[in-house]
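Colleague: As input, take data.tsv (TSV, C-alpha atoms):
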chain	number	residue	atom	x	y	z
A	1	MET	CA	-30.93	21.75	-13.38
A	2	ASN	CA	-27.13	21.81	-13.24
A	3	LEU	CA	-25.21	21.78	-10.00
A	4	TYR	CA	-21.52	22.54	-9.76
A	5	LEU	CA	-19.54	20.76	-7.06
A	6	GLY	CA	-16.17	22.01	-5.85
A	7	VAL	CA	-14.26	19.31	-3.97
A	8	ASP	CA	-11.30	20.08	-1.70
A	9	ALA	CA	-9.87	16.58	-1.39
A	10	HIS	CA	-7.65	15.30	1.43
A	11	LYS	CA	-6.28	11.91	2.39
A	12	LYS	CA	-9.22	10.69	4.47
A	13	TYR	CA	-12.00	13.18	3.80
A	14	SER	CA	-13.16	15.87	1.37
A	15	THR	CA	-15.02	19.17	1.69
A	16	VAL	CA	-17.74	19.66	-0.94
A	17	ALA	CA	-19.46	22.90	-1.94
A	18	ALA	CA	-22.50	22.67	-4.23
A	19	MET	CA	-23.33	25.77	-6.31
A	20	SER	CA	-26.34	26.37	-8.56
A	21	GLU	CA	-26.29	27.90	-12.04
A	22	ASP	CA	-27.02	31.38	-10.67
A	23	GLY	CA	-24.17	31.21	-8.13
A	24	ARG	CA	-26.14	30.33	-4.98
A	25	ILE	CA	-24.54	27.95	-2.49
A	26	GLU	CA	-26.99	25.06	-2.29
A	27	LYS	CA	-25.06	22.91	0.16
A	28	ILE	CA	-21.71	22.75	1.92
A	29	GLU	CA	-20.56	19.52	3.48
A	30	SER	CA	-17.28	19.39	5.37
A	31	GLN	CA	-15.28	16.25	6.04
A	32	ILE	CA	-17.11	13.73	3.89
A	33	ARG	CA	-15.13	10.51	4.23
A	34	ASN	CA	-13.59	9.28	0.97
A	35	THR	CA	-15.75	6.16	0.76
A	36	VAL	CA	-18.47	5.10	-1.67
A	37	GLU	CA	-21.08	5.06	1.11
A	38	ALA	CA	-20.30	8.57	2.37
A	39	VAL	CA	-20.24	10.12	-1.12
A	40	HIS	CA	-23.46	8.35	-2.08
A	41	LYS	CA	-25.11	9.62	1.11
A	42	PHE	CA	-24.16	13.18	0.15
A	43	PHE	CA	-25.87	12.91	-3.24
A	44	VAL	CA	-28.96	11.37	-1.65
A	45	SER	CA	-29.14	14.38	0.70
A	46	LEU	CA	-29.57	16.77	-2.25
A	47	GLU	CA	-33.24	17.73	-2.38
A	48	ASN	CA	-33.62	18.02	-6.16
A	49	ASP	CA	-32.69	15.77	-9.05
A	50	TYR	CA	-29.57	17.64	-10.20
A	51	ARG	CA	-27.20	16.97	-13.06
A	52	CYS	CA	-23.83	17.45	-11.42
A	53	GLN	CA	-20.40	18.48	-12.63
A	54	VAL	CA	-17.51	18.00	-10.23
A	55	VAL	CA	-14.07	19.59	-10.02
A	56	LEU	CA	-11.12	18.80	-7.76
A	57	GLU	CA	-7.47	19.77	-7.79
A	58	ALA	CA	-4.68	17.44	-8.82
A	59	GLY	CA	-2.70	16.22	-5.82
A	60	ARG	CA	-1.06	13.12	-4.44
A	61	ASN	CA	-4.33	11.26	-3.75
A	62	TRP	CA	-6.60	12.74	-6.41
A	63	GLY	CA	-7.20	9.40	-8.16
A	64	VAL	CA	-9.26	7.86	-5.34
A	65	VAL	CA	-11.59	10.85	-5.01
A	66	TYR	CA	-11.84	11.28	-8.79
A	67	ASP	CA	-12.95	7.66	-9.25
A	68	LEU	CA	-15.39	7.94	-6.33
A	69	PHE	CA	-17.30	10.86	-7.82
A	70	GLU	CA	-17.07	9.52	-11.37
A	71	SER	CA	-18.84	6.33	-10.22
A	72	MET	CA	-21.87	8.26	-8.93
A	73	PRO	CA	-24.89	8.14	-11.33
A	74	GLN	CA	-25.77	11.80	-10.61
A	75	VAL	CA	-22.40	12.98	-11.93
A	76	GLU	CA	-22.14	13.87	-15.60
A	77	LYS	CA	-18.50	14.91	-15.62
A	78	VAL	CA	-15.51	15.08	-13.28
A	79	ILE	CA	-12.78	17.63	-14.04
A	80	LEU	CA	-9.26	17.63	-12.64
A	81	ALA	CA	-7.86	21.16	-12.14
A	82	ASN	CA	-4.26	22.33	-12.26
A	83	PRO	CA	-3.63	23.63	-8.69
A	84	VAL	CA	-0.85	26.04	-9.74
A	85	LYS	CA	-3.03	27.74	-12.35
A	86	VAL	CA	-6.07	27.76	-10.05
A	87	LYS	CA	-4.01	29.63	-7.45
A	88	ALA	CA	-2.95	32.15	-10.11
A	89	ILE	CA	-6.57	32.75	-11.15
A	90	ALA	CA	-8.18	32.85	-7.71
A	91	HIS	CA	-5.77	33.70	-4.93
A	92	ALA	CA	-7.45	34.28	-1.56
A	93	HIS	CA	-6.01	35.78	1.63
A	94	LEU	CA	-8.44	33.66	3.64
A	95	LYS	CA	-7.75	30.01	2.92
A	96	THR	CA	-9.81	27.20	4.41
A	97	ASP	CA	-11.15	23.93	3.04
A	98	THR	CA	-14.59	25.51	2.62
A	99	VAL	CA	-13.23	28.57	0.81
A	100	ASP	CA	-11.21	26.34	-1.52
A	101	ALA	CA	-14.26	24.19	-2.33
A	102	ILE	CA	-16.45	27.26	-3.01
A	103	THR	CA	-13.74	28.79	-5.22
A	104	LEU	CA	-13.48	25.63	-7.28
A	105	ALA	CA	-17.27	25.42	-7.66
A	106	HIS	CA	-17.45	29.05	-8.80
A	107	LEU	CA	-14.63	28.62	-11.34
A	108	LEU	CA	-16.36	25.54	-12.70
A	109	ARG	CA	-19.65	27.42	-13.02
A	110	VAL	CA	-18.06	30.20	-15.12
A	111	ASN	CA	-15.92	27.72	-17.08
A	112	TYR	CA	-12.58	29.07	-15.78
A	113	ILE	CA	-11.08	25.76	-14.66
A	114	PRO	CA	-7.53	25.11	-16.01
A	115	GLU	CA	-8.18	21.47	-16.82
A	116	VAL	CA	-5.66	18.62	-16.52
A	117	TYR	CA	-5.84	15.65	-18.88
A	118	VAL	CA	-6.97	12.46	-17.13
A	119	PRO	CA	-6.31	9.09	-18.81
A	120	ALA	CA	-8.54	6.07	-18.24
A	121	LYS	CA	-8.15	4.25	-14.95
A	122	GLU	CA	-6.52	1.17	-16.51
A	123	ILE	CA	-3.91	3.43	-18.14
A	124	ARG	CA	-3.20	5.11	-14.81
A	125	VAL	CA	-2.64	1.74	-13.14
A	126	LYS	CA	-0.16	0.71	-15.84
A	127	LYS	CA	1.66	4.04	-15.48
A	128	TYR	CA	2.14	3.38	-11.76
A	129	LEU	CA	3.62	-0.01	-12.68
A	130	LEU	CA	6.13	1.55	-15.05
A	131	ARG	CA	7.00	4.31	-12.59
A	132	HIS	CA	7.75	1.63	-10.01
A	133	ARG	CA	10.09	-0.05	-12.48
A	134	THR	CA	11.84	3.30	-12.99
A	135	PHE	CA	12.27	3.51	-9.21
A	136	LEU	CA	13.84	0.03	-9.14
A	137	VAL	CA	16.17	0.89	-12.05
A	138	ASN	CA	17.31	4.06	-10.27
A	139	THR	CA	17.82	2.10	-7.04
A	140	SER	CA	19.94	-0.44	-8.92
A	141	THR	CA	22.06	2.37	-10.38
A	142	ARG	CA	22.59	3.93	-6.95
A	143	ILE	CA	23.76	0.60	-5.50
A	144	LYS	CA	26.22	0.11	-8.38
A	145	ASN	CA	27.58	3.61	-7.87
A	146	ARG	CA	28.11	2.90	-4.17
A	147	ILE	CA	30.07	-0.26	-5.06
A	148	HIS	CA	32.28	1.74	-7.43
A	149	ILE	CA	32.95	4.30	-4.68
A	150	LEU	CA	33.77	1.53	-2.20
A	151	LEU	CA	36.34	0.02	-4.60
A	152	GLU	CA	37.88	3.43	-5.35
A	153	ARG	CA	38.41	4.40	-1.70
A	154	ASN	CA	40.14	1.07	-1.12
A	155	HIS	CA	42.33	1.52	-4.24
A	156	ILE	CA	41.08	-1.67	-5.86
A	157	PRO	CA	41.91	-1.67	-9.61
A	158	LEU	CA	38.99	-2.69	-11.82
A	159	PRO	CA	39.29	-5.79	-14.00
A	160	THR	CA	39.27	-5.54	-17.81
A	161	VAL	CA	35.67	-6.66	-18.24
A	162	THR	CA	32.88	-5.10	-20.28
A	163	ASP	CA	30.47	-5.00	-17.33
A	164	LEU	CA	31.63	-4.99	-13.72
A	165	PHE	CA	28.23	-6.41	-12.72
A	166	GLY	CA	28.11	-9.09	-15.39
A	167	ARG	CA	29.13	-12.73	-14.89
A	168	LEU	CA	32.90	-12.16	-14.91
A	169	GLY	CA	32.62	-8.91	-12.97
A	170	ARG	CA	30.55	-10.53	-10.22
A	171	ARG	CA	33.13	-13.29	-9.93
A	172	PHE	CA	35.80	-10.63	-9.42
A	173	LEU	CA	33.72	-8.76	-6.80
A	174	GLU	CA	33.20	-11.95	-4.81
A	175	THR	CA	36.98	-12.52	-4.56
A	176	VAL	CA	38.04	-8.94	-3.69
A	177	VAL	CA	40.06	-8.80	-0.45
A	178	LEU	CA	39.00	-5.91	1.78
A	179	PRO	CA	39.09	-4.98	5.49
A	180	ALA	CA	36.35	-6.69	7.51
A	181	GLU	CA	34.05	-3.64	7.68
A	182	GLU	CA	34.39	-2.82	3.97
A	183	SER	CA	33.95	-6.47	3.03
A	184	LEU	CA	30.65	-6.51	4.95
A	185	LEU	CA	29.48	-3.42	3.08
A	186	LEU	CA	30.38	-4.92	-0.30
A	187	THR	CA	28.59	-8.16	0.55
A	188	GLN	CA	25.43	-6.35	1.58
A	189	HIS	CA	25.53	-4.11	-1.51
A	190	LEU	CA	25.78	-7.18	-3.76
A	191	GLN	CA	22.93	-8.92	-1.90
A	192	LEU	CA	20.75	-5.81	-2.19
A	193	LEU	CA	21.58	-5.47	-5.89
A	194	GLN	CA	20.67	-9.10	-6.49
A	195	CYS	CA	17.31	-8.58	-4.74
A	196	VAL	CA	16.49	-5.45	-6.77
A	197	GLU	CA	17.48	-7.14	-10.04
A	198	SER	CA	15.26	-10.11	-9.18
A	199	LEU	CA	12.30	-7.78	-8.59
A	200	LEU	CA	13.07	-5.99	-11.85
A	201	LYS	CA	13.13	-9.27	-13.75
A	202	ASP	CA	9.71	-10.31	-12.43
A	203	LEU	CA	8.23	-6.88	-13.12
A	204	GLN	CA	9.74	-6.74	-16.60
A	205	GLN	CA	8.01	-10.00	-17.52
A	206	VAL	CA	4.62	-8.61	-16.45
A	207	ILE	CA	5.21	-5.41	-18.43
A	208	LYS	CA	6.42	-7.31	-21.50
A	209	ASP	CA	3.37	-9.57	-21.56
A	210	ASP	CA	0.98	-6.67	-21.06
A	211	LEU	CA	2.42	-3.66	-22.90
A	212	PHE	CA	4.84	-4.72	-25.61
A	213	GLN	CA	2.01	-5.63	-27.98
A	214	ASP	CA	0.86	-2.01	-27.99
A	215	GLU	CA	1.31	-0.46	-31.45
A	216	ARG	CA	2.62	2.79	-29.95
A	217	VAL	CA	5.35	0.93	-28.06
A	218	LYS	CA	6.47	-0.86	-31.24
A	219	LEU	CA	6.64	2.45	-33.12
A	220	LEU	CA	8.65	4.15	-30.38
A	221	GLN	CA	11.15	1.28	-30.28
A	222	THR	CA	12.22	2.20	-33.84
A	223	ILE	CA	13.65	5.50	-32.54
A	224	PRO	CA	17.35	5.40	-31.51
A	225	GLY	CA	17.77	5.42	-27.74
A	226	ILE	CA	14.18	4.43	-26.98
A	227	GLY	CA	14.20	0.74	-26.21
A	228	ASP	CA	12.37	-1.69	-23.94
A	229	VAL	CA	12.68	0.58	-20.88
A	230	PHE	CA	11.63	3.95	-22.28
A	231	ALA	CA	9.12	2.98	-25.00
A	232	PRO	CA	6.26	1.77	-22.76
A	233	LEU	CA	6.87	4.56	-20.24
A	234	ILE	CA	6.71	7.27	-22.93
A	235	ALA	CA	3.66	5.70	-24.59
A	236	LEU	CA	1.63	5.58	-21.38
A	237	GLU	CA	2.70	8.98	-20.07
A	238	ILE	CA	1.55	10.54	-23.36
A	239	ASP	CA	-1.54	8.32	-23.78
A	240	ASP	CA	-3.21	10.23	-26.64
A	241	ILE	CA	-0.74	12.27	-28.70
A	242	LYS	CA	-3.58	14.13	-30.43
A	243	ARG	CA	-4.25	16.12	-27.27
A	244	PHE	CA	-1.20	18.21	-28.24
A	245	LYS	CA	-1.91	20.67	-31.03
A	246	ASP	CA	1.71	20.62	-32.23
A	247	TYR	CA	5.12	19.36	-31.15
A	248	ARG	CA	5.98	22.68	-29.48
A	249	ARG	CA	3.17	22.15	-26.98
A	250	PHE	CA	4.48	18.65	-26.46
A	251	TRP	CA	7.90	20.16	-25.70
A	252	SER	CA	6.31	22.29	-22.98
A	253	TYR	CA	4.51	19.28	-21.50
A	254	CYS	CA	7.86	17.45	-21.34
A	255	GLY	CA	9.55	20.43	-19.67
A	256	LEU	CA	12.14	20.81	-22.45
A	257	VAL	CA	11.69	24.54	-23.04
A	258	PRO	CA	13.28	27.37	-21.03
A	259	SER	CA	11.33	29.76	-18.84
A	260	ILE	CA	10.93	33.23	-20.38
A	261	TYR	CA	10.72	36.61	-18.69
A	262	ALA	CA	10.01	39.63	-20.91
A	263	SER	CA	9.94	43.18	-19.61
A	264	GLY	CA	10.78	46.60	-21.01
A	265	GLY	CA	11.53	45.23	-24.45
A	266	ARG	CA	14.06	42.72	-23.11
A	267	ILE	CA	13.64	38.97	-23.10
A	268	TYR	CA	15.39	36.72	-20.60
A	269	HIS	CA	15.62	32.93	-20.95
A	270	GLY	CA	16.01	31.02	-17.70
A	271	HIS	CA	16.19	27.39	-16.63
A	272	LEU	CA	13.85	24.72	-17.98
A	273	ILE	CA	10.25	25.07	-16.85
A	274	LYS	CA	9.39	23.09	-13.72
A	275	CYS	CA	5.67	22.56	-14.29
A	276	CYS	CA	5.85	19.52	-16.55
A	277	ASN	CA	5.65	15.74	-16.75
A	278	LYS	CA	8.87	14.80	-14.93
A	279	TRP	CA	8.74	11.18	-16.12
A	280	LEU	CA	8.70	12.16	-19.79
A	281	LYS	CA	11.43	14.74	-19.19
A	282	TRP	CA	13.62	12.13	-17.49
A	283	ALA	CA	12.99	9.46	-20.15
A	284	LEU	CA	13.72	11.73	-23.13
A	285	ILE	CA	16.92	13.17	-21.63
A	286	GLU	CA	18.17	9.72	-20.61
A	287	ALA	CA	17.38	8.34	-24.09
A	288	VAL	CA	19.77	10.89	-25.62
A	289	TYR	CA	22.93	9.04	-24.57
A	290	PRO	CA	22.18	5.55	-25.96
A	291	GLY	CA	20.64	7.27	-29.00
A	292	THR	CA	23.82	9.20	-29.83
A	293	ARG	CA	25.88	6.01	-29.50
A	294	SER	CA	23.65	3.91	-31.76
A	295	SER	CA	22.79	6.51	-34.41
A	296	PRO	CA	25.41	8.38	-36.51
A	297	TYR	CA	22.87	11.12	-37.25
A	298	TRP	CA	22.05	11.76	-33.59
A	299	GLY	CA	25.71	11.47	-32.67
A	300	ARG	CA	26.63	14.21	-35.17
A	301	TYR	CA	23.82	16.44	-33.95
A	302	TYR	CA	24.82	16.02	-30.30
A	303	GLU	CA	28.52	16.69	-31.01
A	304	LYS	CA	27.66	19.84	-32.97
A	305	LYS	CA	25.58	21.22	-30.08
A	306	LYS	CA	28.21	20.14	-27.57
A	307	TYR	CA	30.90	22.06	-29.50
A	308	GLU	CA	28.68	25.16	-29.64
A	309	LYS	CA	27.25	25.29	-26.11
A	310	GLY	CA	28.56	22.44	-23.94
A	311	ASN	CA	27.35	19.07	-22.65
A	312	ALA	CA	24.25	20.11	-20.71
A	313	THR	CA	22.78	22.29	-23.45
A	314	ALA	CA	23.58	19.63	-26.06
A	315	ALA	CA	21.67	17.00	-24.08
A	316	ILE	CA	18.59	19.23	-23.74
A	317	ALA	CA	18.69	20.27	-27.41
A	318	THR	CA	18.97	16.63	-28.51
A	319	ALA	CA	16.16	15.60	-26.13
A	320	ARG	CA	13.97	18.34	-27.59
A	321	LYS	CA	14.69	17.08	-31.10
A	322	LEU	CA	13.98	13.53	-29.94
A	323	ALA	CA	10.65	14.69	-28.49
A	324	MET	CA	9.70	16.12	-31.88
A	325	ILE	CA	10.41	12.72	-33.48
A	326	VAL	CA	8.31	10.99	-30.82
A	327	TYR	CA	5.47	13.40	-31.56
A	328	TRP	CA	5.50	12.77	-35.31
A	329	VAL	CA	6.01	9.01	-35.04
A	330	LEU	CA	2.93	8.69	-32.81
A	331	ARG	CA	0.91	11.33	-34.67
A	332	THR	CA	1.44	9.79	-38.12
A	333	LYS	CA	1.72	6.17	-36.90
A	334	ARG	CA	4.82	5.61	-39.01
A	335	GLU	CA	8.15	4.06	-38.06
A	336	TYR	CA	11.27	6.15	-37.68
A	337	LYS	CA	13.92	5.94	-40.38
A	338	GLU	CA	17.38	7.43	-40.10
A	339	PRO	CA	17.68	10.70	-42.10
A	340	GLN	CA	20.14	10.64	-45.00
A	341	GLY	CA	22.85	13.25	-45.59
A	342	THR	CA	24.72	15.48	-43.16
A	343	SER	CA	22.13	18.21	-42.58
A	344	HIS	CA	21.48	18.90	-38.92
A	345	TYR	CA	18.01	20.29	-39.58
A	346	PHE	CA	15.35	17.63	-39.39
A	347	SER	CA	11.80	17.70	-40.67
A	348	PRO	CA	10.04	14.33	-40.41
A	349	ILE	CA	7.69	15.14	-43.25
A	350	ALA	CA	10.01	17.02	-45.64
A	351	GLN	CA	12.98	14.64	-45.43
A	352	GLY	CA	10.98	11.43	-45.37
A	353	SER	CA	12.45	10.17	-42.12
A	354	LEU	CA	9.39	8.12	-41.27
A	355	LYS	CA	8.71	4.91	-43.08
A	356	GLY	CA	5.53	4.99	-45.11
Spell out the structure here as structure tokens.

Modeller:
Amino acid sequence: MNLYLGVDAHKKYSTVAAMSEDGRIEKIESQIRNTVEAVHKFFVSLENDYRCQVVLEAGRNWGVVYDLFESMPQVEKVILANPVKVKAIAHAHLKTDTVDAITLAHLLRVNYIPEVYVPAKEIRVKKYLLRHRTFLVNTSTRIKNRIHILLERNHIPLPTVTDLFGRLGRRFLETVVLPAEESLLLTQHLQLLQCVESLLKDLQQVIKDDLFQDERVKLLQTIPGIGDVFAPLIALEIDDIKRFKDYRRFWSYCGLVPSIYASGGRIYHGHLIKCCNKWLKWALIEAVYPGTRSSPYWGRYYEKKKYEKGNATAAIATARKLAMIVYWVLRTKREYKEPQGTSHYFSPIAQGSLKG
């Protein structure tokens, strides 16, 4: 006999509602601690030998609860639900942990759960590693920007060096004469930057040893703008490209399509959709700028869009085109090759832009 479990998960405990195939509430347990012992005790308390399916909503701490229930021998399947879509399907005026758990169990029973893709646990752990690296890179950029602002407000002319934070640039920064308070700030900024760069170097070595042998990473590195930083992040955030029916669905997942409101025969296009994978969105948009510098084709495409609709729209349009290339490169497992000619329309299959 099947039993459907709705789990309203919190940081330290979860509320579980067990529902039978005919919709009867078999058991409700509030505040089960999120430990193996407590969850196992709950399943032991069930009187019959049930085959259980479990659903919980995606949230900040969903991974711990998901893995807990997945490890139980009585559980056949654990499903992660999209909380935004669940709210749209089953909005209740009375909202408690018990009501939420019962609602999830009922939606699971009638197969109405808007499911979220869940990669394997080892993939999730690697994603957290790459997201931490992104945090360190952003922190490094913020520190560099603060140093630039400090120099500007003190009217310090910059030296003619390629990189202010390279070897010659650092030598210049160490000899800059400033008031005592500003000199202290510059010293601390440089010390903090050195610490962050040291952490990045150690983390990069771990990532390189572990991820750069992945075939998907090697394929993505052939695309202009997607190098050592973005390739592993994009590969792991996507995981299995075949879960997207076509590249347009992949665009939506990346948040690179505008919101649409249609009423009375009129269609309005708004800002980019917010419900998306923010890491992929960030990586693809950021990859546009090095890509347009290194590739004549992408540079021409970006400049054309920039002339037509401005910088911001050009960046999004180029990122969307880049996402289509990522989709086909991973889907066909073929390297990217620069398109020939001056046409701005690009079809990976028709124009042979992927190496066979």

Colleague: One decimal, Å: what's the distance from atom CA of A:Tyr66 over to atom CA of A:Glu115, could you say?

Modeller: 13.5 Å

Colleague: Which residue, A:Ala235, A:Ala105, A:Val36, A:Met72, has the smallest gap to A:Lys218 when you use all atoms listed in the file?

Modeller: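 Ranking A:Ala235, A:Ala105, A:Val36, A:Met72 by distance to A:Lys218, first place goes to A:Ala235.
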
Colleague: Applying 10 Å and only C-alpha atoms, which residues near A:Pro179 remain after dropping the ones on its own chain fewer than 4 positions away? List them as a VMD selection string.

Modeller: chain A and resid 154 183 to 184

Colleague: Can you tell me which residues surround stretch 129-141 of chain A at a distance of at most 9 Å, considering all atoms listed in the file, apart from same-chain residues fewer than 6 positions away, and format the answer as a PyMOL selection string?

Modeller: chain A and resi 192-193+196-197+199-200+203-204+207+229+232-233+236+279

Colleague: Which polymer residues have any atom within 10 Å of an atom of A:Asp246, counting only C-alpha atoms, with same-chain residues fewer than 6 positions away left out, as a list in words?

Modeller: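 Once the nearby chain positions are removed, what remains is Met324, Tyr327, Trp328 and Arg331 of chain A.
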
Colleague: Interatomic distance between atom CA of A:Tyr302 and atom CA of A:Ala315?

Modeller: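 Here the two named atoms are 7.0 Å from each other.
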
Colleague: Write out as an mmCIF file with C-alpha atoms, in the frame of the given file which residues come within 10 Å of A:Leu104 when counting only C-alpha atoms, dropping same-chain ones fewer than 2 positions away.

Modeller:
data_model
loop_
_atom_site.group_PDB
_atom_site.id
_atom_site.type_symbol
_atom_site.label_atom_id
_atom_site.label_comp_id
_atom_site.auth_asym_id
_atom_site.auth_seq_id
_atom_site.Cartn_x
_atom_site.Cartn_y
_atom_site.Cartn_z
ATOM 1 C CA TYR A 4 -21.520 22.540 -9.760
ATOM 2 C CA LEU A 5 -19.540 20.760 -7.060
ATOM 3 C CA GLY A 6 -16.170 22.010 -5.850
ATOM 4 C CA VAL A 7 -14.260 19.310 -3.970
ATOM 5 C CA ASP A 8 -11.300 20.080 -1.700
ATOM 6 C CA VAL A 16 -17.740 19.660 -0.940
ATOM 7 C CA ALA A 17 -19.460 22.900 -1.940
ATOM 8 C CA ALA A 18 -22.500 22.670 -4.230
ATOM 9 C CA MET A 19 -23.330 25.770 -6.310
ATOM 10 C CA VAL A 54 -17.510 18.000 -10.230
ATOM 11 C CA VAL A 55 -14.070 19.590 -10.020
ATOM 12 C CA LEU A 56 -11.120 18.800 -7.760
ATOM 13 C CA GLU A 57 -7.470 19.770 -7.790
ATOM 14 C CA ALA A 81 -7.860 21.160 -12.140
ATOM 15 C CA VAL A 86 -6.070 27.760 -10.050
ATOM 16 C CA ALA A 90 -8.180 32.850 -7.710
ATOM 17 C CA THR A 98 -14.590 25.510 2.620
ATOM 18 C CA VAL A 99 -13.230 28.570 0.810
ATOM 19 C CA ASP A 100 -11.210 26.340 -1.520
ATOM 20 C CA ALA A 101 -14.260 24.190 -2.330
ATOM 21 C CA ILE A 102 -16.450 27.260 -3.010
ATOM 22 C CA HIS A 106 -17.450 29.050 -8.800
ATOM 23 C CA LEU A 107 -14.630 28.620 -11.340
ATOM 24 C CA LEU A 108 -16.360 25.540 -12.700
ATOM 25 C CA ARG A 109 -19.650 27.420 -13.020
ATOM 26 C CA TYR A 112 -12.580 29.070 -15.780
ATOM 27 C CA ILE A 113 -11.080 25.760 -14.660
#

Colleague: By how many Å are atom CA of A:Ser294 and atom CA of A:Glu237 apart?

Modeller: 24.5 Å
